[in-house]
>>> print(open('entry-v8.txt').read())   # compact mmCIF, C-alpha atoms
# COMPACT_ATOMS: atom_id res chain seq x y z
CA MET A 1 -11.44 -20.58 -47.08
CA LYS A 2 -10.05 -17.59 -45.22
CA ARG A 3 -10.19 -14.27 -47.01
CA ILE A 4 -7.20 -12.11 -46.04
CA GLN A 5 -7.06 -8.55 -47.29
CA ILE A 6 -4.16 -6.13 -46.92
CA LEU A 7 -5.11 -2.45 -47.05
CA GLY A 8 -2.39 -0.03 -48.04
CA THR A 9 -1.30 2.26 -50.82
CA GLY A 10 1.92 0.41 -51.46
CA CYS A 11 4.28 1.71 -48.80
CA ALA A 12 7.10 -0.44 -47.43
CA LYS A 13 5.13 -1.39 -44.32
CA CYS A 14 2.23 -2.63 -46.46
CA GLN A 15 4.55 -5.03 -48.30
CA LYS A 16 5.84 -6.24 -44.98
CA LEU A 17 2.36 -6.81 -43.60
CA ALA A 18 1.46 -8.85 -46.69
CA ALA A 19 4.56 -10.99 -46.18
CA VAL A 20 3.80 -11.50 -42.47
CA ALA A 21 0.17 -12.45 -43.16
CA ASP A 22 1.26 -14.86 -45.86
CA GLU A 23 3.78 -16.54 -43.57
CA ALA A 24 1.28 -16.78 -40.70
CA ALA A 25 -1.44 -18.26 -42.91
CA GLN A 26 0.95 -20.85 -44.32
CA ALA A 27 2.10 -21.79 -40.84
CA LEU A 28 -1.50 -22.35 -39.82
CA GLY A 29 -2.01 -24.59 -42.82
CA VAL A 30 -5.54 -23.40 -43.58
CA PRO A 31 -6.71 -22.66 -47.10
CA TYR A 32 -6.70 -18.92 -47.74
CA GLU A 33 -6.61 -16.24 -50.38
CA LEU A 34 -4.62 -13.06 -49.98
CA GLN A 35 -5.66 -9.86 -51.68
CA LYS A 36 -3.90 -6.49 -51.64
CA ILE A 37 -6.18 -3.49 -51.76
CA THR A 38 -4.47 -0.34 -52.96
CA ASP A 39 -7.41 1.73 -54.19
CA LEU A 40 -8.05 4.54 -51.73
CA LYS A 41 -11.83 4.55 -51.99
CA HIS A 42 -11.88 0.83 -51.44
CA ILE A 43 -9.55 1.19 -48.43
CA MET A 44 -11.73 3.89 -46.95
CA SER A 45 -14.82 1.70 -47.22
CA PHE A 46 -13.31 -0.33 -44.36
CA ARG A 47 -13.23 2.87 -42.28
CA VAL A 48 -9.62 2.52 -41.21
CA MET A 49 -7.61 5.62 -40.40
CA SER A 50 -4.11 4.31 -40.66
CA THR A 51 -2.47 1.94 -43.08
CA PRO A 52 -1.35 -0.76 -43.41
CA ALA A 53 -4.32 -2.71 -42.14
CA LEU A 54 -5.07 -6.42 -41.95
CA VAL A 55 -8.60 -7.58 -42.73
CA VAL A 56 -9.72 -11.16 -42.15
CA ASP A 57 -13.07 -12.26 -43.56
CA GLY A 58 -14.20 -8.65 -43.79
CA VAL A 59 -13.21 -7.67 -40.22
CA VAL A 60 -10.38 -5.17 -39.57
CA LYS A 61 -7.94 -6.88 -37.19
CA VAL A 62 -4.99 -4.50 -37.06
CA SER A 63 -4.40 -1.05 -38.46
CA GLY A 64 -1.42 1.27 -38.51
CA ARG A 65 1.25 -1.26 -37.63
CA VAL A 66 2.76 -4.56 -38.67
CA PRO A 67 2.10 -7.38 -36.17
CA THR A 68 4.58 -10.18 -35.55
CA VAL A 69 4.01 -13.50 -37.29
CA ASP A 70 2.86 -15.08 -34.00
CA GLU A 71 0.34 -12.32 -33.41
CA ALA A 72 -0.86 -12.60 -36.99
CA LYS A 73 -1.39 -16.34 -36.50
CA GLN A 74 -3.71 -15.63 -33.56
CA LEU A 75 -5.59 -12.99 -35.55
CA LEU A 76 -6.07 -15.39 -38.44
CA GLY A 77 -6.98 -18.40 -36.35
CA MET B 1 0.73 -14.85 -9.44
CA LYS B 2 3.90 -14.97 -7.36
CA ALA B 3 6.08 -15.87 -10.34
CA GLN B 4 4.57 -13.01 -12.27
CA PHE B 5 5.28 -10.59 -9.45
CA SER B 6 8.94 -11.56 -9.20
CA ARG B 7 9.27 -11.21 -12.97
CA ILE B 8 7.98 -7.66 -12.73
CA VAL B 9 10.47 -6.89 -9.93
CA ILE B 10 13.35 -8.31 -11.99
CA ARG B 11 12.32 -6.22 -15.00
CA LEU B 12 12.08 -3.06 -12.91
CA LEU B 13 15.52 -3.67 -11.40
CA ALA B 14 16.99 -4.30 -14.85
CA SER B 15 15.49 -1.01 -16.07
CA VAL B 16 16.97 0.93 -13.15
CA VAL B 17 20.44 -0.60 -13.66
CA GLY B 18 20.19 0.04 -17.39
CA LEU B 19 19.23 3.69 -16.85
CA ALA B 20 22.08 4.20 -14.38
CA ALA B 21 24.60 2.76 -16.85
CA TRP B 22 23.11 4.95 -19.58
CA TRP B 23 23.47 8.07 -17.41
CA LEU B 24 27.05 7.28 -16.38
CA LEU B 25 28.15 6.74 -19.98
CA TYR B 26 26.26 9.82 -21.17
CA ARG B 27 27.93 12.08 -18.59
CA ASN B 28 31.39 10.96 -19.65
CA LEU B 29 31.03 11.09 -23.41
CA ALA B 30 32.98 14.34 -23.80
CA ALA B 31 35.95 12.96 -21.90
CA ILE B 32 35.84 9.67 -23.81
CA ALA B 33 35.69 11.52 -27.16
CA ALA B 34 38.68 13.71 -26.25
CA TRP B 35 40.64 10.69 -25.02
CA LEU B 36 39.91 8.72 -28.21
CA SER B 37 40.77 11.65 -30.50
CA TYR B 38 43.92 12.94 -28.86
CA THR B 39 45.40 10.15 -26.74
CA ILE B 40 44.51 7.05 -28.72
CA SER B 41 44.53 8.43 -32.28
CA GLY B 42 47.35 10.87 -31.49
CA LEU B 43 45.78 13.85 -33.30
CA GLU B 44 47.02 17.35 -32.45
CA ARG B 45 44.72 19.57 -30.41
CA GLY B 46 43.64 22.69 -32.30
CA THR B 47 44.02 21.21 -35.78
CA HIS B 48 41.15 21.04 -38.33
CA LEU B 49 41.19 17.26 -38.38
CA GLY B 50 41.38 16.96 -34.61
CA ALA B 51 38.40 19.27 -34.12
CA ALA B 52 36.34 17.43 -36.73
CA VAL B 53 37.12 13.97 -35.31
CA GLU B 54 36.44 15.00 -31.72
CA PHE B 55 33.13 16.60 -32.78
CA PHE B 56 32.04 13.40 -34.49
CA LEU B 57 33.14 11.06 -31.69
CA TYR B 58 31.28 13.17 -29.14
CA GLU B 59 28.08 14.00 -31.01
CA ALA B 60 27.38 10.66 -32.69
CA PRO B 61 27.09 8.51 -29.53
CA LYS B 62 25.39 11.35 -27.64
CA VAL B 63 22.62 11.78 -30.19
CA LEU B 64 22.13 8.04 -30.67
CA MET B 65 21.90 7.47 -26.91
CA LEU B 66 19.33 10.24 -26.50
CA LEU B 67 17.35 8.87 -29.42
CA LEU B 68 17.24 5.36 -27.95
CA LEU B 69 15.85 6.58 -24.65
CA VAL B 70 13.32 9.05 -25.98
CA VAL B 71 12.04 6.97 -28.88
CA PHE B 72 11.38 4.16 -26.41
CA GLY B 73 9.52 6.53 -24.09
CA VAL B 74 7.48 8.02 -26.91
CA GLY B 75 6.72 4.52 -28.23
CA VAL B 76 5.17 3.72 -24.86
CA VAL B 77 3.26 7.02 -24.64
CA ARG B 78 1.87 6.51 -28.13
CA THR B 79 0.12 3.31 -27.13
CA PHE B 80 -2.32 5.58 -25.28
CA PHE B 81 -3.10 7.67 -28.35
CA THR B 82 -4.48 5.80 -31.34
CA PRO B 83 -5.77 7.81 -34.31
CA GLU B 84 -9.29 6.58 -33.46
CA ARG B 85 -9.06 7.92 -29.94
CA THR B 86 -7.67 11.24 -31.17
CA ARG B 87 -10.56 11.51 -33.61
CA ARG B 88 -13.06 10.91 -30.84
CA LEU B 89 -11.42 13.68 -28.79
CA LEU B 90 -11.58 16.10 -31.72
CA ALA B 91 -14.98 15.37 -33.24
CA GLY B 92 -17.50 18.08 -32.55
CA ARG B 93 -14.99 20.50 -30.96
CA ARG B 94 -15.35 24.21 -31.49
CA GLU B 95 -12.71 25.52 -33.85
CA SER B 96 -10.29 27.46 -31.65
CA VAL B 97 -10.17 24.87 -28.86
CA GLY B 98 -10.09 22.17 -31.51
CA ASN B 99 -7.04 23.71 -33.22
CA VAL B 100 -5.08 23.79 -29.96
CA LEU B 101 -6.04 20.23 -29.07
CA ALA B 102 -5.32 18.95 -32.59
CA ALA B 103 -1.83 20.48 -32.60
CA LEU B 104 -1.06 18.96 -29.18
CA LEU B 105 -2.42 15.53 -30.13
CA GLY B 106 -0.44 15.72 -33.37
CA THR B 107 2.79 15.48 -31.39
CA VAL B 108 1.86 12.21 -29.62
CA THR B 109 -0.45 10.36 -32.03
CA PRO B 110 1.38 7.77 -34.13
CA PHE B 111 1.53 9.20 -37.63
CA CYS B 112 3.22 8.30 -40.87
CA SER B 113 2.87 10.51 -43.93
CA CYS B 114 1.78 7.47 -45.95
CA SER B 115 -1.37 7.36 -43.78
CA ALA B 116 -2.09 11.07 -44.18
CA VAL B 117 -4.98 10.48 -46.57
CA PRO B 118 -6.97 7.83 -44.64
CA LEU B 119 -6.45 9.92 -41.53
CA PHE B 120 -7.66 13.08 -43.25
CA ILE B 121 -10.80 11.33 -44.51
CA GLY B 122 -11.39 9.67 -41.15
CA PHE B 123 -11.23 13.02 -39.37
CA VAL B 124 -13.25 15.08 -41.83
CA THR B 125 -16.07 12.56 -42.23
CA ALA B 126 -16.37 12.20 -38.45
CA GLY B 127 -17.15 15.90 -38.20
CA VAL B 128 -13.73 17.26 -37.27
CA PRO B 129 -13.60 20.73 -38.88
CA LEU B 130 -11.24 21.11 -41.86
CA GLY B 131 -9.03 23.69 -40.12
CA VAL B 132 -8.69 21.49 -37.04
CA THR B 133 -7.75 18.49 -39.19
CA LEU B 134 -5.10 20.61 -40.91
CA SER B 135 -3.69 21.75 -37.54
CA PHE B 136 -3.15 18.07 -36.79
CA LEU B 137 -1.53 17.41 -40.16
CA ILE B 138 0.87 20.33 -39.70
CA SER B 139 1.92 19.49 -36.17
CA ALA B 140 2.29 15.70 -36.59
CA PRO B 141 5.40 15.70 -38.80
CA MET B 142 6.90 19.02 -37.68
CA VAL B 143 6.83 18.71 -33.90
CA ASN B 144 8.06 15.19 -33.34
CA GLU B 145 10.14 13.44 -30.72
CA VAL B 146 13.19 12.98 -32.93
CA ALA B 147 13.39 16.70 -33.66
CA LEU B 148 12.91 17.64 -30.01
CA VAL B 149 15.51 15.15 -28.73
CA LEU B 150 18.10 16.32 -31.19
CA LEU B 151 17.46 19.97 -30.43
CA PHE B 152 17.66 19.27 -26.71
CA GLY B 153 20.85 17.23 -27.07
CA MET B 154 22.64 19.79 -29.20
CA PHE B 155 21.31 23.16 -28.00
CA GLY B 156 19.75 22.53 -24.60
CA TRP B 157 16.22 22.80 -23.30
CA LYS B 158 15.67 26.46 -24.21
CA VAL B 159 15.96 25.98 -27.94
CA ALA B 160 14.02 22.69 -27.77
CA GLY B 161 11.28 24.45 -25.80
CA LEU B 162 11.17 27.36 -28.24
CA TYR B 163 10.89 24.95 -31.13
CA LEU B 164 8.07 23.06 -29.43
CA GLY B 165 6.23 26.28 -28.61
CA THR B 166 6.61 27.95 -31.98
CA GLY B 167 5.97 24.72 -33.90
CA LEU B 168 2.68 24.29 -32.04
CA ALA B 169 1.86 27.96 -32.63
CA VAL B 170 2.43 27.59 -36.38
CA ALA B 171 0.17 24.50 -36.44
CA ILE B 172 -2.58 26.14 -34.37
CA LEU B 173 -2.60 29.49 -36.17
CA SER B 174 -2.22 28.06 -39.67
CA GLY B 175 -5.06 25.59 -39.09
CA TRP B 176 -7.23 28.30 -37.59
CA THR B 177 -6.54 30.65 -40.53
CA LEU B 178 -7.27 27.91 -43.05
CA GLY B 179 -10.53 27.18 -41.21
CA ARG B 180 -11.53 30.84 -41.49
CA LEU B 181 -10.95 30.79 -45.25
CA ARG B 182 -13.86 28.34 -45.74
CA LEU B 183 -12.07 26.04 -48.13
CA GLU B 184 -14.33 23.02 -47.72
CA ARG B 185 -15.44 23.16 -51.35
CA HIS B 186 -11.81 22.59 -52.39
CA VAL B 187 -11.82 19.16 -50.83
CA GLU B 188 -12.32 16.48 -53.48
CA PRO B 189 -16.05 15.67 -53.45
CA TRP B 190 -15.59 11.88 -53.26
CA VAL B 191 -14.29 12.28 -49.71
CA TYR B 192 -17.79 13.09 -48.52
CA GLU B 193 -19.56 10.53 -50.71
CA ASN B 194 -20.66 7.19 -49.29
CA MET B 195 -19.38 8.28 -45.92
CA ALA B 196 -22.52 9.99 -44.76
CA GLY B 197 -23.28 7.58 -41.92
CA SER B 198 -21.67 7.67 -38.53
CA PRO B 199 -18.02 6.65 -38.56
CA GLY B 200 -17.76 2.95 -37.80
CA GLU B 201 -15.60 1.79 -34.95
CA SER B 202 -13.20 -0.69 -36.34
CA GLY B 203 -9.70 -1.80 -35.47
CA GLY B 204 -6.96 0.29 -33.95
CA ASP B 205 -8.74 0.55 -30.62
CA GLU B 206 -6.39 -1.89 -28.98
CA GLY B 207 -4.55 1.03 -27.31
CA THR B 208 -7.29 1.47 -24.75
CA ALA B 209 -6.85 -1.98 -23.23
CA MET B 210 -3.23 -2.99 -23.28
CA SER B 211 -0.95 -4.51 -20.65
CA TRP B 212 2.20 -2.72 -19.52
CA SER B 213 4.40 -5.38 -21.02
CA GLY B 214 2.53 -4.80 -24.29
CA ARG B 215 3.31 -1.08 -24.03
CA ALA B 216 6.98 -1.78 -23.29
CA GLN B 217 7.02 -4.06 -26.30
CA ALA B 218 5.61 -1.18 -28.39
CA GLY B 219 8.50 0.97 -27.12
CA VAL B 220 11.04 -1.64 -28.23
CA THR B 221 9.33 -1.89 -31.62
CA ALA B 222 9.46 1.89 -31.98
CA VAL B 223 13.19 1.89 -31.20
CA ARG B 224 13.83 -0.84 -33.74
CA GLU B 225 11.77 0.91 -36.41
CA ILE B 226 12.68 4.55 -35.87
CA VAL B 227 16.27 4.33 -34.68
CA GLY B 228 16.87 1.54 -37.20
CA ARG B 229 15.70 3.86 -39.96
CA VAL B 230 17.28 7.17 -38.95
CA TRP B 231 20.72 6.21 -37.64
CA PRO B 232 22.47 6.42 -41.02
CA PHE B 233 21.03 9.93 -41.49
CA VAL B 234 22.18 10.91 -38.03
CA LEU B 235 25.72 9.72 -38.71
CA LEU B 236 25.76 11.34 -42.15
CA GLY B 237 24.43 14.60 -40.73
CA ILE B 238 26.98 14.56 -37.92
CA ALA B 239 29.78 13.78 -40.37
CA VAL B 240 28.79 16.79 -42.51
CA GLY B 241 28.48 18.83 -39.32
CA ALA B 242 31.93 17.67 -38.20
CA GLY B 243 33.40 18.76 -41.52
CA ILE B 244 31.84 22.21 -41.19
CA HIS B 245 32.90 22.40 -37.55
CA GLY B 246 36.53 21.57 -38.29
CA TYR B 247 37.16 23.29 -41.61
CA VAL B 248 34.78 26.21 -42.20
CA PRO B 249 36.19 29.41 -40.69
CA GLU B 250 34.56 31.04 -37.67
CA ASN B 251 31.79 33.52 -38.61
CA PHE B 252 31.85 32.42 -42.24
CA MET B 253 28.07 32.01 -42.18
CA ALA B 254 27.40 35.32 -40.47
CA SER B 255 27.23 37.30 -43.72
CA ILE B 256 25.07 34.74 -45.56
CA MET B 257 22.79 33.41 -42.83
CA GLY B 258 23.37 35.96 -40.09
CA ARG B 259 20.64 38.03 -38.54
CA ASP B 260 21.54 41.16 -40.50
CA ALA B 261 20.80 39.44 -43.79
CA TRP B 262 17.01 39.99 -43.80
CA TRP B 263 16.48 38.04 -46.99
CA SER B 264 18.04 34.90 -45.55
CA VAL B 265 14.82 33.81 -43.74
CA PRO B 266 12.55 33.71 -46.83
CA LEU B 267 15.38 32.14 -48.79
CA ALA B 268 15.81 29.42 -46.16
CA VAL B 269 12.06 28.65 -46.29
CA LEU B 270 12.04 28.63 -50.11
CA ILE B 271 14.93 26.19 -50.22
CA GLY B 272 13.53 24.10 -47.37
CA VAL B 273 9.96 23.47 -48.60
CA PRO B 274 10.73 21.31 -51.66
CA MET B 275 13.41 19.42 -49.72
CA TYR B 276 12.29 16.26 -48.04
CA GLY B 277 14.40 15.24 -45.11
CA ASN B 278 14.04 14.10 -41.59
CA ALA B 279 15.04 15.88 -38.43
CA ALA B 280 17.76 13.34 -37.75
CA GLY B 281 19.80 14.32 -40.78
CA ILE B 282 19.11 18.05 -40.70
CA ILE B 283 19.84 19.01 -37.11
CA PRO B 284 23.55 18.12 -36.92
CA VAL B 285 24.08 20.27 -40.03
CA VAL B 286 22.01 23.00 -38.43
CA GLN B 287 24.20 22.91 -35.35
CA ALA B 288 27.39 23.26 -37.33
CA LEU B 289 25.93 26.22 -39.30
CA LEU B 290 24.94 27.91 -36.05
CA GLY B 291 28.44 27.45 -34.67
CA LYS B 292 29.77 29.40 -37.64
CA GLY B 293 27.58 32.43 -37.12
CA ALA B 294 24.27 31.61 -38.83
CA ALA B 295 21.26 33.13 -37.02
CA LEU B 296 19.08 30.77 -34.98
CA GLY B 297 15.78 31.98 -36.50
CA THR B 298 17.01 31.48 -40.05
CA VAL B 299 18.27 28.00 -39.30
CA LEU B 300 15.11 26.92 -37.42
CA ALA B 301 12.90 28.26 -40.22
CA PHE B 302 14.92 26.17 -42.63
CA MET B 303 14.49 23.09 -40.44
CA MET B 304 10.74 23.56 -40.00
CA ALA B 305 10.32 24.03 -43.74
CA VAL B 306 12.27 20.86 -44.51
CA ILE B 307 10.52 18.51 -42.08
CA GLY B 308 7.10 20.20 -41.91
CA LEU B 309 6.32 20.71 -45.57
CA SER B 310 7.44 18.57 -48.45
CA LEU B 311 6.63 17.84 -52.08
CA PRO B 312 5.88 14.13 -51.49
CA GLU B 313 3.32 15.17 -48.87
CA ALA B 314 1.70 17.56 -51.34
CA ILE B 315 1.46 14.78 -53.91
CA ILE B 316 -0.13 12.41 -51.39
CA LEU B 317 -2.63 15.05 -50.24
CA ARG B 318 -3.55 15.85 -53.85
CA GLN B 319 -5.77 12.75 -53.75
CA VAL B 320 -8.15 14.48 -51.35
CA LEU B 321 -7.42 18.20 -51.74
CA LYS B 322 -7.78 20.30 -54.87
CA PRO B 323 -4.64 22.18 -56.02
CA ARG B 324 -5.99 25.51 -54.79
CA LEU B 325 -6.36 24.19 -51.23
CA ILE B 326 -2.92 22.56 -51.26
CA ALA B 327 -1.36 25.82 -52.46
CA THR B 328 -3.18 27.82 -49.78
CA PHE B 329 -2.21 25.25 -47.14
CA PHE B 330 1.48 25.39 -48.05
CA GLY B 331 1.36 29.18 -48.39
CA VAL B 332 -0.15 29.74 -44.96
CA VAL B 333 2.20 27.32 -43.21
CA ALA B 334 5.25 28.73 -45.00
CA GLY B 335 4.10 32.20 -43.91
CA GLY B 336 3.89 31.00 -40.30
CA ILE B 337 7.40 29.54 -40.48
CA LEU B 338 8.65 32.82 -41.93
CA LEU B 339 7.22 34.72 -38.97
CA VAL B 340 8.87 32.30 -36.55
CA GLY B 341 12.23 32.80 -38.28
CA TYR B 342 12.02 36.58 -37.99
CA LEU B 343 10.76 36.37 -34.41
CA PHE B 344 13.74 34.24 -33.30
CA ASN B 345 16.21 36.49 -35.08
CA PHE B 346 14.60 39.52 -33.53
CA LEU B 347 14.41 38.19 -29.98
CA LEU B 348 17.74 36.39 -29.61
>>> encode(input="entry-v8.txt", output="structure tokens")
Amino acid sequence: MKRIQILGTGCAKCQKLAAVADEAAQALGVPYELQKITDLKHIMSFRVMSTPALVVDGVVKVSGRVPTVDEAKQLLG
Amino acid sequence: MKAQFSRIVIRLLASVVGLAAWWLLYRNLAAIAAWLSYTISGLERGTHLGAAVEFFLYEAPKVLMLLLLVVFGVGVVRTFFTPERTRRLLAGRRESVGNVLAALLGTVTPFCSCSAVPLFIGFVTAGVPLGVTLSFLISAPMVNEVALVLLFGMFGWKVAGLYLGTGLAVAILSGWTLGRLRLERHVEPWVYENMAGSPGESGGDEGTAMSWSGRAQAGVTAVREIVGRVWPFVLLGIAVGAGIHGYVPENFMASIMGRDAWWSVPLAVLIGVPMYGNAAGIIPVVQALLGKGAALGTVLAFMMAVIGLSLPEAIILRQVLKPRLIATFFGVVAGGILLVGYLFNFLL
């Protein structure tokens, strides 16, 4: 089970990142759960400096931008 | 290896041809606009409508073309400056040097006001002094590539240079002043909690090892994101500007926003601070006001206040700064902008 977390306070880019991650994970066909983290203190515990950020199994993969679906697939795989 | 090399050559050639075509079109925009307005549309020269239409047909493609080129270039440059790298450059700096560096880095580090809070915490907990962090937060939105391109396109390099210089000065001096005021206790205490350890290195460091095609791709992405977002504001701003250009009488603004009206600078700042706009929409209006006799300092102060300080930003920063610090922050920056306004009006 992959644990995908989206860090962001709810801006438009955060929504987009969530959609991209969802699409990529479905394309890969692996079981996963997607969680959006909007609480600032929780976001800061990952020590990122720009949102949105993509976290896979507790590791920050991308921060401050929205990757393409293909890139997200690689990051998830 | 050989196939890769020839692909690079083809891409370089395509860029050169593209740039040449861009330049040729750019040089002839004025003639094309006049031809479209007066020959094709059959408008009379010297009429209100003719002047307004010609203004729009000239300025709209000019500004959009400049934006395309510069946003791409800045998108590439920004791949070298991630927030993490900027933080590493700033951590442990002495205050005065730090303020200068922070203001400069603010212009090239990718920044979005929705990330202002994580960035603030990331800086402060890594040991970047509060005043230095604030210098960065002032310069990042105010001195940006869109503003500089538009100023260059519409007023030439002197005004763009003055804006760059004074914008940086406001960011440096305001941050330095705020640092002197020792306001650390007005930062929300939770910022410093649980963050005591050394700042972890995580994510966002991709900028240090990136191929050139990756950087070019980042430029294309920046164009799609930024130009895709601001073009309606540019067109709207230019349309309003065209209306002012064609219909408002010459020197109409001189009495209200001219340099003899001393109260116009503070008024422009007061009106500008609560407004939230982007440079793309404001500058075409600014140009039209200037053409009708408004003073440059007054108009630039207005512009800095609109794009540099805003209510949404204050609300976002409230999560980490107590009201007293936000008020001081806005007060000091507004004071700096005021000085810039008077300085321009006095000098020019």
>>> atom_distance(input="entry-v8.txt", atom1="CA of Val285 (chain B)", atom2="CA of Gly237 (chain B)")
5.7 Å
>>> residues_around(input="entry-v8.txt", residues="Arg215 (chain B)", least_positions_apart="5", cutoff="8 Å", atoms="all atoms listed in the file", output="ChimeraX atom specification")
/B:75-76,79,210
>>> write_last_selection(input="entry-v8.txt", atoms="C-alpha atoms", output="mmCIF file, in the frame of the given file")
data_model
loop_
_atom_site.group_PDB
_atom_site.id
_atom_site.type_symbol
_atom_site.label_atom_id
_atom_site.label_comp_id
_atom_site.auth_asym_id
_atom_site.auth_seq_id
_atom_site.Cartn_x
_atom_site.Cartn_y
_atom_site.Cartn_z
ATOM 1 C CA GLY B 75 6.720 4.520 -28.230
ATOM 2 C CA VAL B 76 5.170 3.720 -24.860
ATOM 3 C CA THR B 79 0.120 3.310 -27.130
ATOM 4 C CA MET B 210 -3.230 -2.990 -23.280
#
>>> closest_atom_pairs(input="entry-v8.txt", of="chain A", to="chain B", cutoff="12 Å", atoms="only C-alpha atoms", output="Markdown table")
| residue | atom | partner | partner_atom | distance |
| --- | --- | --- | --- | --- |
| A:Leu7 | CA | B:Pro118 | CA | 10.7 |
| A:Gly8 | CA | B:Ser115 | CA | 8.6 |
| A:Thr9 | CA | B:Cys114 | CA | 7.8 |
| A:Gly10 | CA | B:Cys114 | CA | 9.0 |
| A:Cys11 | CA | B:Cys114 | CA | 6.9 |
| A:Ala12 | CA | B:Cys114 | CA | 9.6 |
| A:Lys13 | CA | B:Cys114 | CA | 9.6 |
| A:Cys14 | CA | B:Cys114 | CA | 10.1 |
| A:Thr38 | CA | B:Pro118 | CA | 11.9 |
| A:Asp39 | CA | B:Gln319 | CA | 11.2 |
| A:Leu40 | CA | B:Pro118 | CA | 7.9 |
| A:Lys41 | CA | B:Trp190 | CA | 8.3 |
| A:His42 | CA | B:Pro118 | CA | 10.9 |
| A:Ile43 | CA | B:Pro118 | CA | 8.1 |
| A:Met44 | CA | B:Pro118 | CA | 6.6 |
| A:Ser45 | CA | B:Met195 | CA | 8.1 |
| A:Phe46 | CA | B:Ser202 | CA | 8.0 |
| A:Arg47 | CA | B:Gly200 | CA | 6.4 |
| A:Val48 | CA | B:Ser202 | CA | 6.8 |
| A:Met49 | CA | B:Leu119 | CA | 4.6 |
| A:Ser50 | CA | B:Ser115 | CA | 5.2 |
| A:Thr51 | CA | B:Ser115 | CA | 5.6 |
| A:Pro52 | CA | B:Ser115 | CA | 8.1 |
| A:Ala53 | CA | B:Gly203 | CA | 8.6 |
| A:Leu54 | CA | B:Gly203 | CA | 9.2 |
| A:Val55 | CA | B:Gly203 | CA | 9.3 |
| A:Val56 | CA | B:Gly203 | CA | 11.5 |
| A:Gly58 | CA | B:Ser202 | CA | 10.9 |
| A:Val59 | CA | B:Ser202 | CA | 8.0 |
| A:Val60 | CA | B:Gly203 | CA | 5.4 |
| A:Lys61 | CA | B:Gly203 | CA | 5.6 |
| A:Val62 | CA | B:Gly203 | CA | 5.7 |
| A:Ser63 | CA | B:Gly204 | CA | 5.4 |
| A:Gly64 | CA | B:Gly204 | CA | 7.2 |
| A:Arg65 | CA | B:Gly204 | CA | 9.1 |
| A:Val66 | CA | B:Thr221 | CA | 10.0 |
| A:Pro67 | CA | B:Thr221 | CA | 10.2 |
| A:Thr68 | CA | B:Thr221 | CA | 10.3 |
| A:Leu75 | CA | B:Gly203 | CA | 11.9 |
>>> write_last_selection(input="entry-v8.txt", atoms="C-alpha atoms", output="PDB file, in the frame of the given file")
ATOM      1  CA  LEU A   7      -5.110  -2.450 -47.050  1.00  0.00           C
ATOM      2  CA  GLY A   8      -2.390  -0.030 -48.040  1.00  0.00           C
ATOM      3  CA  THR A   9      -1.300   2.260 -50.820  1.00  0.00           C
ATOM      4  CA  GLY A  10       1.920   0.410 -51.460  1.00  0.00           C
ATOM      5  CA  CYS A  11       4.280   1.710 -48.800  1.00  0.00           C
ATOM      6  CA  ALA A  12       7.100  -0.440 -47.430  1.00  0.00           C
ATOM      7  CA  LYS A  13       5.130  -1.390 -44.320  1.00  0.00           C
ATOM      8  CA  CYS A  14       2.230  -2.630 -46.460  1.00  0.00           C
ATOM      9  CA  THR A  38      -4.470  -0.340 -52.960  1.00  0.00           C
ATOM     10  CA  ASP A  39      -7.410   1.730 -54.190  1.00  0.00           C
ATOM     11  CA  LEU A  40      -8.050   4.540 -51.730  1.00  0.00           C
ATOM     12  CA  LYS A  41     -11.830   4.550 -51.990  1.00  0.00           C
ATOM     13  CA  HIS A  42     -11.880   0.830 -51.440  1.00  0.00           C
ATOM     14  CA  ILE A  43      -9.550   1.190 -48.430  1.00  0.00           C
ATOM     15  CA  MET A  44     -11.730   3.890 -46.950  1.00  0.00           C
ATOM     16  CA  SER A  45     -14.820   1.700 -47.220  1.00  0.00           C
ATOM     17  CA  PHE A  46     -13.310  -0.330 -44.360  1.00  0.00           C
ATOM     18  CA  ARG A  47     -13.230   2.870 -42.280  1.00  0.00           C
ATOM     19  CA  VAL A  48      -9.620   2.520 -41.210  1.00  0.00           C
ATOM     20  CA  MET A  49      -7.610   5.620 -40.400  1.00  0.00           C
ATOM     21  CA  SER A  50      -4.110   4.310 -40.660  1.00  0.00           C
ATOM     22  CA  THR A  51      -2.470   1.940 -43.080  1.00  0.00           C
ATOM     23  CA  PRO A  52      -1.350  -0.760 -43.410  1.00  0.00           C
ATOM     24  CA  ALA A  53      -4.320  -2.710 -42.140  1.00  0.00           C
ATOM     25  CA  LEU A  54      -5.070  -6.420 -41.950  1.00  0.00           C
ATOM     26  CA  VAL A  55      -8.600  -7.580 -42.730  1.00  0.00           C
ATOM     27  CA  VAL A  56      -9.720 -11.160 -42.150  1.00  0.00           C
ATOM     28  CA  GLY A  58     -14.200  -8.650 -43.790  1.00  0.00           C
ATOM     29  CA  VAL A  59     -13.210  -7.670 -40.220  1.00  0.00           C
ATOM     30  CA  VAL A  60     -10.380  -5.170 -39.570  1.00  0.00           C
ATOM     31  CA  LYS A  61      -7.940  -6.880 -37.190  1.00  0.00           C
ATOM     32  CA  VAL A  62      -4.990  -4.500 -37.060  1.00  0.00           C
ATOM     33  CA  SER A  63      -4.400  -1.050 -38.460  1.00  0.00           C
ATOM     34  CA  GLY A  64      -1.420   1.270 -38.510  1.00  0.00           C
ATOM     35  CA  ARG A  65       1.250  -1.260 -37.630  1.00  0.00           C
ATOM     36  CA  VAL A  66       2.760  -4.560 -38.670  1.00  0.00           C
ATOM     37  CA  PRO A  67       2.100  -7.380 -36.170  1.00  0.00           C
ATOM     38  CA  THR A  68       4.580 -10.180 -35.550  1.00  0.00           C
ATOM     39  CA  LEU A  75      -5.590 -12.990 -35.550  1.00  0.00           C
TER      40      LEU A  75
END
